[in-house]
$ cat final22.cif   # mmCIF, C-alpha atoms
data_work
#
loop_
_atom_site.label_atom_id
_atom_site.label_comp_id
_atom_site.auth_asym_id
_atom_site.auth_seq_id
_atom_site.Cartn_x
_atom_site.Cartn_y
_atom_site.Cartn_z
CA MET Q 29 -33.28 -39.64 -11.14
CA LYS Q 30 -34.65 -38.17 -7.95
CA ILE Q 31 -32.15 -36.53 -5.63
CA LYS Q 32 -32.77 -37.35 -2.01
CA GLN Q 33 -32.52 -34.35 0.26
CA THR Q 34 -30.48 -34.84 3.37
CA PRO Q 35 -32.17 -33.54 6.48
CA LYS Q 36 -30.77 -30.45 8.15
CA LYS Q 37 -28.46 -31.28 11.03
CA LEU Q 38 -30.09 -30.40 14.31
CA SER Q 39 -27.68 -28.69 16.64
CA SER Q 40 -29.50 -28.76 19.94
CA PRO Q 41 -31.89 -30.93 21.94
CA THR Q 42 -34.39 -28.07 21.79
CA GLU Q 43 -34.42 -28.18 17.98
CA ILE Q 44 -34.88 -31.95 18.08
CA ASP Q 45 -37.78 -31.56 20.54
CA GLN Q 46 -39.41 -28.93 18.32
CA LEU Q 47 -39.11 -31.18 15.25
CA VAL Q 48 -40.61 -34.16 17.08
CA ILE Q 49 -43.49 -32.04 18.38
CA ALA Q 50 -44.11 -30.65 14.90
CA GLN Q 51 -44.19 -34.15 13.37
CA ALA Q 52 -46.06 -35.85 16.20
CA GLU Q 53 -49.40 -35.95 14.35
CA ASP Q 54 -47.89 -36.67 10.91
CA ASP Q 55 -47.87 -40.47 10.48
CA SER Q 56 -45.81 -40.24 7.28
CA ALA Q 57 -42.93 -38.71 9.26
CA TRP Q 58 -42.56 -41.84 11.36
CA GLU Q 59 -41.37 -45.37 10.66
CA SER Q 60 -43.67 -48.28 11.30
CA PRO Q 61 -44.00 -49.19 14.98
CA ILE Q 62 -41.59 -51.65 16.50
CA HIS Q 63 -43.11 -54.23 18.81
CA VAL Q 64 -40.92 -55.40 21.64
CA ARG Q 65 -41.72 -58.37 23.80
CA GLN Q 66 -41.09 -57.97 27.48
CA MET Q 67 -38.39 -60.25 28.82
CA THR Q 68 -39.86 -63.09 30.82
CA LEU Q 69 -38.33 -63.95 34.13
CA THR Q 70 -37.32 -67.49 34.89
CA SER Q 71 -37.32 -68.92 38.33
CA LEU Q 72 -34.79 -71.45 39.47
CA SER Q 73 -35.11 -73.85 42.35
CA LEU Q 74 -32.04 -74.29 44.47
CA PRO Q 75 -31.46 -76.77 47.25
CA ALA Q 76 -31.72 -75.09 50.66
CA GLU Q 77 -28.09 -75.83 51.54
CA LEU Q 78 -26.84 -74.23 48.30
CA ALA Q 79 -29.12 -71.20 48.80
CA ALA Q 80 -27.72 -70.75 52.33
CA ARG Q 81 -24.14 -70.92 51.02
CA ILE Q 82 -24.96 -68.37 48.33
CA ALA Q 83 -26.53 -66.02 50.87
CA PHE Q 84 -23.49 -66.38 53.15
CA VAL Q 85 -21.01 -65.55 50.37
CA ALA Q 86 -23.19 -62.64 49.18
CA ARG Q 87 -23.06 -61.22 52.71
CA LEU Q 88 -19.25 -61.67 52.73
CA HIS Q 89 -19.24 -59.44 49.66
CA ARG Q 90 -21.38 -56.93 51.60
CA ASN Q 91 -24.33 -57.46 49.33
CA ASN Q 92 -27.71 -57.83 51.03
CA ASN Q 93 -29.53 -58.45 47.75
CA VAL Q 94 -28.71 -62.13 47.20
CA GLU Q 95 -30.58 -62.31 43.89
CA ALA Q 96 -28.68 -59.34 42.42
CA TRP Q 97 -25.36 -60.73 43.67
CA LEU Q 98 -26.09 -64.16 42.22
CA LEU Q 99 -27.07 -62.60 38.88
CA HIS Q 100 -23.77 -60.68 38.88
CA VAL Q 101 -21.79 -63.87 39.63
CA ILE Q 102 -23.59 -65.79 36.87
CA GLN Q 103 -22.93 -62.99 34.35
CA GLU Q 104 -19.24 -62.89 35.31
CA ARG Q 105 -18.96 -66.65 34.95
CA LEU Q 106 -20.64 -66.59 31.55
CA GLU Q 107 -18.21 -63.92 30.35
CA VAL Q 108 -15.27 -66.06 31.50
CA GLU Q 109 -16.70 -69.17 29.82
CA GLU Q 110 -17.39 -67.29 26.58
CA ARG Q 111 -13.85 -65.88 26.56
CA ILE Q 112 -12.37 -69.34 27.15
CA TYR Q 113 -14.58 -70.82 24.42
CA GLY Q 114 -13.40 -68.14 21.98
CA GLU Q 115 -9.75 -68.77 22.83
CA VAL Q 116 -10.09 -72.54 22.47
CA ARG Q 117 -12.00 -72.14 19.22
CA ARG Q 118 -9.34 -69.82 17.79
CA GLU Q 119 -6.62 -72.25 18.87
CA LEU Q 120 -8.40 -75.20 17.25
CA MET Q 121 -9.05 -73.24 14.07
CA SER Q 122 -5.39 -72.23 14.01
CA LYS Q 123 -4.30 -75.86 14.39
CA LEU Q 124 -6.71 -76.96 11.67
CA PHE Q 125 -5.49 -74.20 9.38
CA LEU Q 126 -1.85 -75.05 10.03
CA SER Q 127 -2.46 -78.76 9.54
CA GLY Q 128 -4.28 -77.91 6.30
CA GLU Q 129 -1.26 -75.96 5.09
CA THR Q 130 1.01 -78.87 5.91
CA LYS Q 131 -1.16 -81.26 3.91
CA ASN Q 132 -1.22 -78.86 0.95
CA GLU Q 133 2.56 -78.55 1.07
CA THR Q 134 3.01 -82.34 0.98
CA TRP Q 135 0.73 -82.66 -2.06
CA ASN Q 136 2.76 -80.15 -4.11
#

$ encode --input "final22.cif" --output "structure tokens"
Amino acid sequence: MKIKQTPKKLSSPTEIDQLVIAQAEDDSAWESPIHVRQMTLTSLSLPAELAARIAFVARLHRNNNVEAWLLHVIQERLEVEERIYGEVRRELMSKLFLSGETKNETWN
């Protein structure tokens, strides 16, 4: 059985840099490359009246970058919706579990 040697703990960023520089040309020291796709942007058409309302509210929040403010609002809303979904799901699962226990008790 082959005993795997654990690498020496590197104590400083300088030591890490030196190790990386020393292994830079050694392909066997590196894992296979990871390919990452760039996130594609999606555009969204909004009615002019809605866009004007959004811009107005963004300015009320002292944010001149309407797109960034809208992105923030959408992210906040998604977090709220996901939290609510989780709570409702847990509640339903709890009710199903409890109703399952009741049925099992009546069969005994």

$ closest_residue --input "final22.cif" --among "Q:Phe84, Q:Trp58, Q:Phe125, Q:Tyr113" --to "Trp97 of chain Q" --atoms "all atoms listed in the file"
Q:Phe84

$ atom_distance --input "final22.cif" --atom1 "atom CA of Ser56 of chain Q" --atom2 "atom CA of Thr42 of chain Q"
22.1 Å

$ atom_distance --input "final22.cif" --atom1 "atom CA of Leu72 of chain Q" --atom2 "atom CA of Leu106 of chain Q"
16.9 Å

$ atom_distance --input "final22.cif" --atom1 "atom CA of Ala80 of chain Q" --atom2 "atom CA of Glu95 of chain Q"
12.3 Å

$ axis_aligned_box --input "final22.cif" --around "segment 77-96 of chain Q" --padding-each-side "5 Å" --output "lines of an AutoDock Vina configuration file"
center_x = -24.9
center_y = -66.4
center_z = 47.8
size_x = 21.3
size_y = 28.9
size_z = 20.7

$ closest_residue --input "final22.cif" --among "Q:Leu74, Q:Ile44, Q:Ala79, Q:Leu120" --to "Val94 of chain Q" --atoms "all atoms listed in the file"
Q:Ala79
